[in-house]
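Just my_file04.csv here, CSV, N, CA and C atoms:
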```
chain,number,residue,atom,x,y,z
A,22,MET,N,138.5,-117.4,15.9
A,22,MET,CA,137.5,-117.3,17.0
A,22,MET,C,137.9,-116.3,18.0
A,23,SER,N,137.1,-115.4,18.3
A,23,SER,CA,137.5,-114.4,19.3
A,23,SER,C,137.4,-114.9,20.7
A,24,ASP,N,138.4,-114.6,21.5
A,24,ASP,CA,138.4,-115.0,22.9
A,24,ASP,C,137.7,-114.1,23.8
A,25,LEU,N,137.1,-113.0,23.2
A,25,LEU,CA,136.3,-112.1,24.0
A,25,LEU,C,135.0,-112.7,24.4
A,26,HIS,N,134.4,-112.2,25.5
A,26,HIS,CA,133.1,-112.7,25.9
A,26,HIS,C,132.1,-112.4,24.9
A,27,PRO,N,131.2,-113.4,24.6
A,27,PRO,CA,130.2,-113.2,23.5
A,27,PRO,C,129.3,-112.0,23.8
A,28,LEU,N,129.1,-111.6,25.0
A,28,LEU,CA,128.2,-110.4,25.3
A,28,LEU,C,128.9,-109.1,24.8
A,29,LEU,N,130.2,-109.1,24.6
A,29,LEU,CA,130.9,-107.9,24.2
A,29,LEU,C,130.4,-107.5,22.7
A,30,GLU,N,129.9,-108.5,22.0
A,30,GLU,CA,129.5,-108.2,20.6
A,30,GLU,C,128.1,-107.6,20.5
A,31,LYS,N,127.4,-107.7,21.6
A,31,LYS,CA,126.0,-107.3,21.6
A,31,LYS,C,125.8,-105.9,22.1
A,32,ASN,N,124.6,-105.3,21.7
A,32,ASN,CA,124.3,-104.0,22.2
A,32,ASN,C,123.7,-104.0,23.6
A,33,ALA,N,123.5,-102.9,24.2
A,33,ALA,CA,123.1,-102.8,25.6
A,33,ALA,C,121.8,-103.6,25.9
A,34,VAL,N,120.8,-103.5,25.0
A,34,VAL,CA,119.5,-104.2,25.2
A,34,VAL,C,119.7,-105.7,25.1
A,35,GLN,N,120.5,-106.1,24.1
A,35,GLN,CA,120.8,-107.6,24.0
A,35,GLN,C,121.6,-108.1,25.2
A,36,ARG,N,122.5,-107.3,25.7
A,36,ARG,CA,123.3,-107.7,26.9
A,36,ARG,C,122.4,-107.8,28.1
A,37,MET,N,121.5,-106.8,28.2
A,37,MET,CA,120.6,-106.9,29.4
A,37,MET,C,119.7,-108.2,29.3
A,38,THR,N,119.1,-108.5,28.2
A,38,THR,CA,118.3,-109.7,28.0
A,38,THR,C,119.1,-110.9,28.4
A,39,SER,N,120.3,-111.0,27.8
A,39,SER,CA,121.1,-112.2,27.9
A,39,SER,C,121.6,-112.3,29.4
A,40,SER,N,122.0,-111.1,30.0
A,40,SER,CA,122.5,-111.1,31.4
A,40,SER,C,121.4,-111.6,32.3
A,41,LEU,N,120.1,-111.1,32.1
A,41,LEU,CA,119.0,-111.4,33.0
A,41,LEU,C,118.8,-112.9,32.9
A,42,GLU,N,118.9,-113.5,31.7
A,42,GLU,CA,118.6,-114.9,31.5
A,42,GLU,C,119.7,-115.7,32.3
A,43,THR,N,121.0,-115.3,32.2
A,43,THR,CA,122.0,-116.0,32.9
A,43,THR,C,121.9,-115.8,34.4
A,44,ILE,N,121.6,-114.6,34.9
A,44,ILE,CA,121.4,-114.4,36.3
A,44,ILE,C,120.3,-115.2,36.8
A,45,LYS,N,119.2,-115.3,36.1
A,45,LYS,CA,118.0,-116.1,36.5
A,45,LYS,C,118.4,-117.6,36.6
A,46,THR,N,119.2,-118.1,35.6
A,46,THR,CA,119.6,-119.5,35.6
A,46,THR,C,120.6,-119.8,36.7
A,47,GLU,N,121.6,-118.9,36.8
A,47,GLU,CA,122.7,-119.2,37.8
A,47,GLU,C,122.3,-118.8,39.2
A,48,GLN,N,121.3,-118.0,39.3
A,48,GLN,CA,120.8,-117.5,40.7
A,48,GLN,C,121.9,-116.7,41.4
A,49,LYS,N,122.7,-116.0,40.6
A,49,LYS,CA,123.7,-115.1,41.2
A,49,LYS,C,124.1,-114.0,40.2
A,50,LEU,N,124.6,-112.9,40.7
A,50,LEU,CA,125.2,-111.9,39.8
A,50,LEU,C,126.4,-111.4,40.5
A,51,PHE,N,127.1,-110.5,39.8
A,51,PHE,CA,128.4,-110.0,40.3
A,51,PHE,C,128.4,-108.4,40.3
A,52,ILE,N,129.0,-107.9,41.3
A,52,ILE,CA,129.3,-106.4,41.3
A,52,ILE,C,130.8,-106.3,41.5
A,53,LEU,N,131.2,-105.1,41.4
A,53,LEU,CA,132.6,-104.8,41.7
A,53,LEU,C,132.7,-104.1,43.0
A,54,LYS,N,133.7,-104.4,43.8
A,54,LYS,CA,133.8,-103.8,45.1
A,54,LYS,C,135.2,-103.5,45.4
A,55,ASP,N,135.4,-102.5,46.3
A,55,ASP,CA,136.8,-102.3,46.9
A,55,ASP,C,136.6,-102.1,48.4
A,56,GLU,N,137.6,-101.6,49.0
A,56,GLU,CA,137.6,-101.4,50.5
A,56,GLU,C,136.5,-100.5,50.9
A,57,HIS,N,136.0,-99.6,50.0
A,57,HIS,CA,135.0,-98.6,50.4
A,57,HIS,C,133.6,-99.2,50.1
A,58,GLY,N,133.4,-100.3,49.5
A,58,GLY,CA,132.1,-100.8,49.2
A,58,GLY,C,132.0,-101.1,47.7
A,59,CYS,N,130.7,-101.1,47.2
A,59,CYS,CA,130.5,-101.4,45.9
A,59,CYS,C,130.7,-100.2,44.9
A,60,VAL,N,131.1,-100.5,43.7
A,60,VAL,CA,131.4,-99.5,42.7
A,60,VAL,C,130.0,-98.9,42.3
A,61,MET,N,130.0,-97.6,42.2
A,61,MET,CA,128.8,-96.9,41.7
A,61,MET,C,129.2,-96.3,40.4
A,62,LEU,N,128.2,-96.2,39.5
A,62,LEU,CA,128.4,-95.4,38.2
A,62,LEU,C,127.4,-94.3,38.1
A,63,THR,N,127.8,-93.3,37.4
A,63,THR,CA,126.8,-92.2,37.2
A,63,THR,C,126.7,-92.1,35.7
A,64,THR,N,125.5,-92.3,35.2
A,64,THR,CA,125.2,-92.1,33.8
A,64,THR,C,124.6,-90.7,33.7
A,65,ASP,N,124.0,-90.3,32.6
A,65,ASP,CA,123.6,-88.9,32.3
A,65,ASP,C,122.9,-88.3,33.5
A,66,GLU,N,121.8,-89.0,33.9
A,66,GLU,CA,121.0,-88.4,35.0
A,66,GLU,C,121.0,-89.3,36.3
A,67,GLU,N,121.4,-90.5,36.1
A,67,GLU,CA,121.2,-91.5,37.2
A,67,GLU,C,122.4,-92.0,37.9
A,68,ASP,N,122.4,-92.3,39.1
A,68,ASP,CA,123.4,-93.0,39.8
A,68,ASP,C,123.0,-94.4,39.9
A,69,GLY,N,123.9,-95.3,39.8
A,69,GLY,CA,123.5,-96.7,39.9
A,69,GLY,C,124.6,-97.7,40.2
A,70,VAL,N,124.2,-98.9,40.4
A,70,VAL,CA,125.1,-100.0,40.7
A,70,VAL,C,125.2,-100.9,39.5
A,71,PRO,N,126.4,-101.0,38.9
A,71,PRO,CA,126.5,-101.9,37.8
A,71,PRO,C,126.5,-103.4,38.2
A,72,VAL,N,125.8,-104.2,37.5
A,72,VAL,CA,125.8,-105.7,37.8
A,72,VAL,C,126.1,-106.4,36.5
A,73,TRP,N,126.7,-107.6,36.7
A,73,TRP,CA,127.1,-108.4,35.6
A,73,TRP,C,126.7,-109.9,35.9
A,74,PRO,N,126.5,-110.6,34.7
A,74,PRO,CA,126.2,-112.0,34.9
A,74,PRO,C,127.3,-112.9,35.3
A,75,ASP,N,128.6,-112.5,35.0
A,75,ASP,CA,129.7,-113.3,35.5
A,75,ASP,C,130.9,-112.4,35.8
A,76,ALA,N,131.8,-113.0,36.6
A,76,ALA,CA,132.9,-112.3,37.2
A,76,ALA,C,133.9,-111.8,36.1
A,77,SER,N,134.1,-112.5,35.0
A,77,SER,CA,135.0,-112.1,34.0
A,77,SER,C,134.5,-110.8,33.3
A,78,LEU,N,133.2,-110.6,33.1
A,78,LEU,CA,132.7,-109.4,32.5
A,78,LEU,C,132.9,-108.2,33.5
A,79,ALA,N,132.6,-108.5,34.8
A,79,ALA,CA,132.8,-107.5,35.8
A,79,ALA,C,134.2,-107.0,35.8
A,80,LEU,N,135.1,-107.9,35.7
A,80,LEU,CA,136.6,-107.6,35.8
A,80,LEU,C,137.1,-106.8,34.6
A,81,LEU,N,136.4,-106.9,33.5
A,81,LEU,CA,136.7,-106.1,32.3
A,81,LEU,C,136.5,-104.6,32.6
A,82,TRP,N,135.6,-104.3,33.5
A,82,TRP,CA,135.4,-103.0,33.9
A,82,TRP,C,136.4,-102.5,35.0
A,83,ALA,N,137.1,-103.4,35.6
A,83,ALA,CA,138.1,-103.0,36.7
A,83,ALA,C,139.4,-102.5,36.1
A,84,THR,N,139.3,-101.3,35.5
A,84,THR,CA,140.5,-100.7,34.9
A,84,THR,C,140.7,-99.3,35.5
A,85,GLU,N,141.9,-98.7,35.3
A,85,GLU,CA,142.2,-97.4,35.7
A,85,GLU,C,141.7,-97.1,37.2
A,86,ASP,N,140.7,-96.3,37.4
A,86,ASP,CA,140.3,-96.0,38.8
A,86,ASP,C,139.9,-97.2,39.5
A,87,TRP,N,139.4,-98.2,38.8
A,87,TRP,CA,138.8,-99.3,39.5
A,87,TRP,C,139.7,-100.6,39.5
A,88,GLU,N,141.0,-100.4,39.1
A,88,GLU,CA,141.8,-101.6,38.8
A,88,GLU,C,142.0,-102.4,40.1
A,89,HIS,N,141.8,-101.8,41.3
A,89,HIS,CA,142.0,-102.5,42.6
A,89,HIS,C,140.7,-103.2,43.0
A,90,CYS,N,139.7,-103.1,42.2
A,90,CYS,CA,138.4,-103.7,42.6
A,90,CYS,C,138.4,-105.2,42.3
A,91,GLU,N,137.5,-105.9,43.0
A,91,GLU,CA,137.4,-107.3,42.8
A,91,GLU,C,135.9,-107.6,42.5
A,92,ALA,N,135.6,-108.6,41.8
A,92,ALA,CA,134.3,-109.0,41.5
A,92,ALA,C,133.7,-109.7,42.8
A,93,MET,N,132.5,-109.4,43.2
A,93,MET,CA,131.9,-110.0,44.3
A,93,MET,C,130.6,-110.7,43.9
A,94,GLU,N,130.5,-111.9,44.2
A,94,GLU,CA,129.3,-112.7,43.9
A,94,GLU,C,128.2,-112.4,44.9
A,95,ILE,N,127.0,-112.2,44.4
A,95,ILE,CA,125.8,-112.0,45.3
A,95,ILE,C,124.7,-112.9,44.8
A,96,SER,N,124.1,-113.7,45.7
A,96,SER,CA,123.0,-114.5,45.2
A,96,SER,C,121.8,-113.6,44.8
A,97,THR,N,121.0,-114.1,43.9
A,97,THR,CA,119.9,-113.3,43.5
A,97,THR,C,118.9,-113.1,44.7
A,98,LYS,N,118.9,-114.2,45.5
A,98,LYS,CA,118.0,-114.1,46.7
A,98,LYS,C,118.4,-112.9,47.6
A,99,ASP,N,119.7,-112.8,47.9
A,99,ASP,CA,120.2,-111.7,48.7
A,99,ASP,C,120.0,-110.4,48.0
A,100,PHE,N,120.3,-110.3,46.7
A,100,PHE,CA,120.1,-109.1,46.0
A,100,PHE,C,118.7,-108.6,46.0
A,101,LEU,N,117.8,-109.5,45.8
A,101,LEU,CA,116.3,-109.1,45.9
A,101,LEU,C,115.9,-108.7,47.3
A,102,ALA,N,116.4,-109.4,48.3
A,102,ALA,CA,116.0,-109.2,49.7
A,102,ALA,C,116.6,-108.0,50.2
A,103,LYS,N,117.9,-107.7,50.0
A,103,LYS,CA,118.6,-106.7,50.7
A,103,LYS,C,118.9,-105.5,49.8
A,104,TRP,N,119.4,-105.8,48.6
A,104,TRP,CA,119.9,-104.7,47.7
A,104,TRP,C,118.8,-103.9,47.1
A,105,VAL,N,117.8,-104.6,46.5
A,105,VAL,CA,116.7,-103.9,45.8
A,105,VAL,C,116.0,-102.9,46.7
A,106,PRO,N,115.6,-103.3,47.9
A,106,PRO,CA,114.9,-102.3,48.7
A,106,PRO,C,115.8,-101.1,49.1
A,107,GLY,N,117.1,-101.4,49.4
A,107,GLY,CA,118.0,-100.4,49.7
A,107,GLY,C,118.3,-99.4,48.6
A,108,MET,N,118.5,-100.0,47.4
A,108,MET,CA,118.7,-99.2,46.2
A,108,MET,C,117.5,-98.3,45.9
A,109,ALA,N,116.3,-98.9,46.0
A,109,ALA,CA,115.1,-98.2,45.7
A,109,ALA,C,115.0,-97.0,46.7
A,110,GLN,N,115.3,-97.2,48.0
A,110,GLN,CA,115.2,-96.2,49.0
A,110,GLN,C,116.3,-95.1,48.7
A,111,ASP,N,117.4,-95.5,48.2
A,111,ASP,CA,118.5,-94.5,47.9
A,111,ASP,C,118.4,-93.9,46.5
A,112,GLU,N,117.3,-94.3,45.8
A,112,GLU,CA,117.1,-93.8,44.4
A,112,GLU,C,118.2,-94.2,43.5
A,113,LEU,N,118.7,-95.4,43.7
A,113,LEU,CA,119.8,-95.9,42.8
A,113,LEU,C,119.2,-96.8,41.7
A,114,MET,N,119.8,-96.8,40.6
A,114,MET,CA,119.3,-97.6,39.5
A,114,MET,C,120.2,-98.9,39.4
A,115,VAL,N,119.8,-99.8,38.6
A,115,VAL,CA,120.6,-101.0,38.3
A,115,VAL,C,121.1,-100.7,36.9
A,116,ILE,N,122.4,-100.9,36.7
A,116,ILE,CA,123.0,-100.7,35.4
A,116,ILE,C,123.5,-102.1,34.9
A,117,VAL,N,122.8,-102.6,34.0
A,117,VAL,CA,123.0,-104.0,33.6
A,117,VAL,C,124.1,-104.2,32.6
A,118,CYS,N,125.2,-104.9,33.0
A,118,CYS,CA,126.3,-105.3,32.1
A,118,CYS,C,126.9,-104.2,31.3
A,119,PRO,N,127.4,-103.2,31.9
A,119,PRO,CA,128.2,-102.2,31.1
A,119,PRO,C,129.4,-102.9,30.6
A,120,VAL,N,129.9,-102.5,29.5
A,120,VAL,CA,131.2,-103.1,29.0
A,120,VAL,C,132.1,-101.9,28.6
A,121,PRO,N,133.4,-102.2,28.5
A,121,PRO,CA,134.3,-101.0,28.2
A,121,PRO,C,133.8,-100.3,27.0
A,122,GLY,N,133.7,-99.0,27.1
A,122,GLY,CA,133.3,-98.2,26.0
A,122,GLY,C,131.8,-98.1,25.8
A,123,GLU,N,131.0,-98.8,26.5
A,123,GLU,CA,129.5,-98.8,26.3
A,123,GLU,C,128.8,-99.0,27.7
A,124,ASP,N,127.9,-98.0,28.0
A,124,ASP,CA,127.1,-98.2,29.2
A,124,ASP,C,126.2,-99.4,29.1
A,125,GLY,N,125.7,-99.8,30.2
A,125,GLY,CA,124.7,-100.9,30.2
A,125,GLY,C,123.3,-100.2,30.2
A,126,GLU,N,122.3,-101.0,30.0
A,126,GLU,CA,120.9,-100.5,30.2
A,126,GLU,C,120.7,-100.1,31.6
A,127,VAL,N,120.0,-99.0,31.8
A,127,VAL,CA,119.7,-98.5,33.2
A,127,VAL,C,118.2,-98.8,33.5
A,128,ILE,N,118.0,-99.6,34.5
A,128,ILE,CA,116.6,-99.9,34.9
A,128,ILE,C,116.5,-99.7,36.4
A,129,THR,N,115.2,-99.6,36.9
A,129,THR,CA,115.0,-99.4,38.3
A,129,THR,C,115.2,-100.7,39.0
A,130,PRO,N,115.6,-100.7,40.3
A,130,PRO,CA,115.7,-102.0,41.0
A,130,PRO,C,114.4,-102.8,41.0
A,131,GLU,N,113.3,-102.1,41.0
A,131,GLU,CA,112.0,-102.8,40.9
A,131,GLU,C,111.8,-103.6,39.6
A,132,GLU,N,112.2,-102.9,38.5
A,132,GLU,CA,112.1,-103.5,37.2
A,132,GLU,C,113.1,-104.7,37.1
A,133,PHE,N,114.3,-104.5,37.7
A,133,PHE,CA,115.2,-105.6,37.7
A,133,PHE,C,114.7,-106.8,38.5
A,134,ALA,N,114.1,-106.5,39.6
A,134,ALA,CA,113.5,-107.6,40.5
A,134,ALA,C,112.4,-108.3,39.7
A,135,GLU,N,111.6,-107.6,39.0
A,135,GLU,CA,110.5,-108.2,38.2
A,135,GLU,C,111.0,-109.1,37.1
A,136,GLN,N,112.1,-108.7,36.5
A,136,GLN,CA,112.7,-109.5,35.4
A,136,GLN,C,113.3,-110.8,36.0
A,137,LEU,N,113.7,-110.8,37.2
A,137,LEU,CA,114.3,-112.0,37.8
A,137,LEU,C,113.1,-112.9,38.3
```

Will you turn the file into structure tokens for me?
Amino acid sequence: MSDLHPLLEKNAVQRMTSSLETIKTEQKLFILKDEHGCVMLTTDEEDGVPVWPDASLALLWATEDWEHCEAMEISTKDFLAKWVPGMAQDELMVIVCPVPGEDGEVITPEEFAEQL
């Protein structure tokens, strides 16, 4: 039995679906942050904020440049009220559940909000 998180076995689309279900059920999500604020990622064309359904998955990403980061819990209510409008204004995307070696699905904050 692998002690890895079950989402590590899934592809990006499956991780997004599963992550959204968990976030909806738990009413919270996790980001990585350090003393400068939240961790941002740049994919091919987009800048975005990675989000995860649980802290252990977020911390898998906290390596090398980000090893000093910690997982921060945000309620979905706060995320929808404060983060989504701010990210939309700054033209930032939501990057759902990236895992080591594989990017997450990139969706707009509005799409993310609709899914929740």

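Atom pair atom CA of A:Thr64 / atom CA of A:Gly125: separated by 9.5 Å.
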
Could you state the separation of atom N of A:Lys54 and atom CA of A:Trp87 in Å, given to one decimal place?
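Here the two named atoms are 8.4 Å from each other.
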
Give the strand (DSSP E) residues of stretch 29-130 of chain A, as DSSP finds them on the backbone, and put them as a PyMOL selection string.
chain A and resi 49-55+58-59+62-63+68-72+91-96+114-117+126-128

Selection to disk with N, CA and C atoms, as an mmCIF file, in the coordinates of the input:
```cif
data_model
loop_
_atom_site.group_PDB
_atom_site.id
_atom_site.type_symbol
_atom_site.label_atom_id
_atom_site.label_comp_id
_atom_site.auth_asym_id
_atom_site.auth_seq_id
_atom_site.Cartn_x
_atom_site.Cartn_y
_atom_site.Cartn_z
ATOM 1 N N LYS A 49 122.700 -116.000 40.600
ATOM 2 C CA LYS A 49 123.700 -115.100 41.200
ATOM 3 C C LYS A 49 124.100 -114.000 40.200
ATOM 4 N N LEU A 50 124.600 -112.900 40.700
ATOM 5 C CA LEU A 50 125.200 -111.900 39.800
ATOM 6 C C LEU A 50 126.400 -111.400 40.500
ATOM 7 N N PHE A 51 127.100 -110.500 39.800
ATOM 8 C CA PHE A 51 128.400 -110.000 40.300
ATOM 9 C C PHE A 51 128.400 -108.400 40.300
ATOM 10 N N ILE A 52 129.000 -107.900 41.300
ATOM 11 C CA ILE A 52 129.300 -106.400 41.300
ATOM 12 C C ILE A 52 130.800 -106.300 41.500
ATOM 13 N N LEU A 53 131.200 -105.100 41.400
ATOM 14 C CA LEU A 53 132.600 -104.800 41.700
ATOM 15 C C LEU A 53 132.700 -104.100 43.000
ATOM 16 N N LYS A 54 133.700 -104.400 43.800
ATOM 17 C CA LYS A 54 133.800 -103.800 45.100
ATOM 18 C C LYS A 54 135.200 -103.500 45.400
ATOM 19 N N ASP A 55 135.400 -102.500 46.300
ATOM 20 C CA ASP A 55 136.800 -102.300 46.900
ATOM 21 C C ASP A 55 136.600 -102.100 48.400
ATOM 22 N N GLY A 58 133.400 -100.300 49.500
ATOM 23 C CA GLY A 58 132.100 -100.800 49.200
ATOM 24 C C GLY A 58 132.000 -101.100 47.700
ATOM 25 N N CYS A 59 130.700 -101.100 47.200
ATOM 26 C CA CYS A 59 130.500 -101.400 45.900
ATOM 27 C C CYS A 59 130.700 -100.200 44.900
ATOM 28 N N LEU A 62 128.200 -96.200 39.500
ATOM 29 C CA LEU A 62 128.400 -95.400 38.200
ATOM 30 C C LEU A 62 127.400 -94.300 38.100
ATOM 31 N N THR A 63 127.800 -93.300 37.400
ATOM 32 C CA THR A 63 126.800 -92.200 37.200
ATOM 33 C C THR A 63 126.700 -92.100 35.700
ATOM 34 N N ASP A 68 122.400 -92.300 39.100
ATOM 35 C CA ASP A 68 123.400 -93.000 39.800
ATOM 36 C C ASP A 68 123.000 -94.400 39.900
ATOM 37 N N GLY A 69 123.900 -95.300 39.800
ATOM 38 C CA GLY A 69 123.500 -96.700 39.900
ATOM 39 C C GLY A 69 124.600 -97.700 40.200
ATOM 40 N N VAL A 70 124.200 -98.900 40.400
ATOM 41 C CA VAL A 70 125.100 -100.000 40.700
ATOM 42 C C VAL A 70 125.200 -100.900 39.500
ATOM 43 N N PRO A 71 126.400 -101.000 38.900
ATOM 44 C CA PRO A 71 126.500 -101.900 37.800
ATOM 45 C C PRO A 71 126.500 -103.400 38.200
ATOM 46 N N VAL A 72 125.800 -104.200 37.500
ATOM 47 C CA VAL A 72 125.800 -105.700 37.800
ATOM 48 C C VAL A 72 126.100 -106.400 36.500
ATOM 49 N N GLU A 91 137.500 -105.900 43.000
ATOM 50 C CA GLU A 91 137.400 -107.300 42.800
ATOM 51 C C GLU A 91 135.900 -107.600 42.500
ATOM 52 N N ALA A 92 135.600 -108.600 41.800
ATOM 53 C CA ALA A 92 134.300 -109.000 41.500
ATOM 54 C C ALA A 92 133.700 -109.700 42.800
ATOM 55 N N MET A 93 132.500 -109.400 43.200
ATOM 56 C CA MET A 93 131.900 -110.000 44.300
ATOM 57 C C MET A 93 130.600 -110.700 43.900
ATOM 58 N N GLU A 94 130.500 -111.900 44.200
ATOM 59 C CA GLU A 94 129.300 -112.700 43.900
ATOM 60 C C GLU A 94 128.200 -112.400 44.900
ATOM 61 N N ILE A 95 127.000 -112.200 44.400
ATOM 62 C CA ILE A 95 125.800 -112.000 45.300
ATOM 63 C C ILE A 95 124.700 -112.900 44.800
ATOM 64 N N SER A 96 124.100 -113.700 45.700
ATOM 65 C CA SER A 96 123.000 -114.500 45.200
ATOM 66 C C SER A 96 121.800 -113.600 44.800
ATOM 67 N N MET A 114 119.800 -96.800 40.600
ATOM 68 C CA MET A 114 119.300 -97.600 39.500
ATOM 69 C C MET A 114 120.200 -98.900 39.400
ATOM 70 N N VAL A 115 119.800 -99.800 38.600
ATOM 71 C CA VAL A 115 120.600 -101.000 38.300
ATOM 72 C C VAL A 115 121.100 -100.700 36.900
ATOM 73 N N ILE A 116 122.400 -100.900 36.700
ATOM 74 C CA ILE A 116 123.000 -100.700 35.400
ATOM 75 C C ILE A 116 123.500 -102.100 34.900
ATOM 76 N N VAL A 117 122.800 -102.600 34.000
ATOM 77 C CA VAL A 117 123.000 -104.000 33.600
ATOM 78 C C VAL A 117 124.100 -104.200 32.600
ATOM 79 N N GLU A 126 122.300 -101.000 30.000
ATOM 80 C CA GLU A 126 120.900 -100.500 30.200
ATOM 81 C C GLU A 126 120.700 -100.100 31.600
ATOM 82 N N VAL A 127 120.000 -99.000 31.800
ATOM 83 C CA VAL A 127 119.700 -98.500 33.200
ATOM 84 C C VAL A 127 118.200 -98.800 33.500
ATOM 85 N N ILE A 128 118.000 -99.600 34.500
ATOM 86 C CA ILE A 128 116.600 -99.900 34.900
ATOM 87 C C ILE A 128 116.500 -99.700 36.400
#
```

A:Glu112, A:Glu30, A:Glu94, A:Glu131: which is nearest A:Ile52, counting only N, CA and C atoms?
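When distances to A:Ile52 are compared using only N, CA and C atoms, the smallest one comes from A:Glu94.
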
Given the choices A:Val105, A:Leu50, A:Ile116, A:Leu80, which gets closest to A:Asp68 if the distance is worked out from all atoms listed in the file?
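Once distances to A:Asp68 are computed over all atoms listed in the file, the minimum belongs to A:Ile116.
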
Min atom-atom distance to A:Glu42 from the set A:Gly58, A:Gly69, A:Pro106, A:Pro74, counting only N, CA and C atoms, belongs to A:Pro74

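Atom pair atom C of A:Leu28 / atom C of A:Lys103: separated by 27.2 Å.
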
For the alpha helix (DSSP H) assignment from backbone DSSP, which residues of stretch 53-136 of chain A qualify? Please present them as a list in words.
Ala76, Ser77, Leu78, Ala79, Leu80, Leu81, Thr97, Lys98, Asp99, Val105, Pro106, Gly107, Met108, Ala109, Gln110, Pro130, Glu131, Glu132, Phe133, Ala134, Glu135 and Gln136 of chain A

Residue with the minimum atom-to-atom distance to A:Ser40, picked from A:Cys118, A:Met108, A:Val70, A:Val60 with all atoms listed in the file counted, is A:Cys118

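The list of residues within 6 Å of (119.1, -110.2, 39.1), counted using all atoms listed in the file, is Ile44, Lys45, Thr97, Phe133 and Leu137 of chain A.
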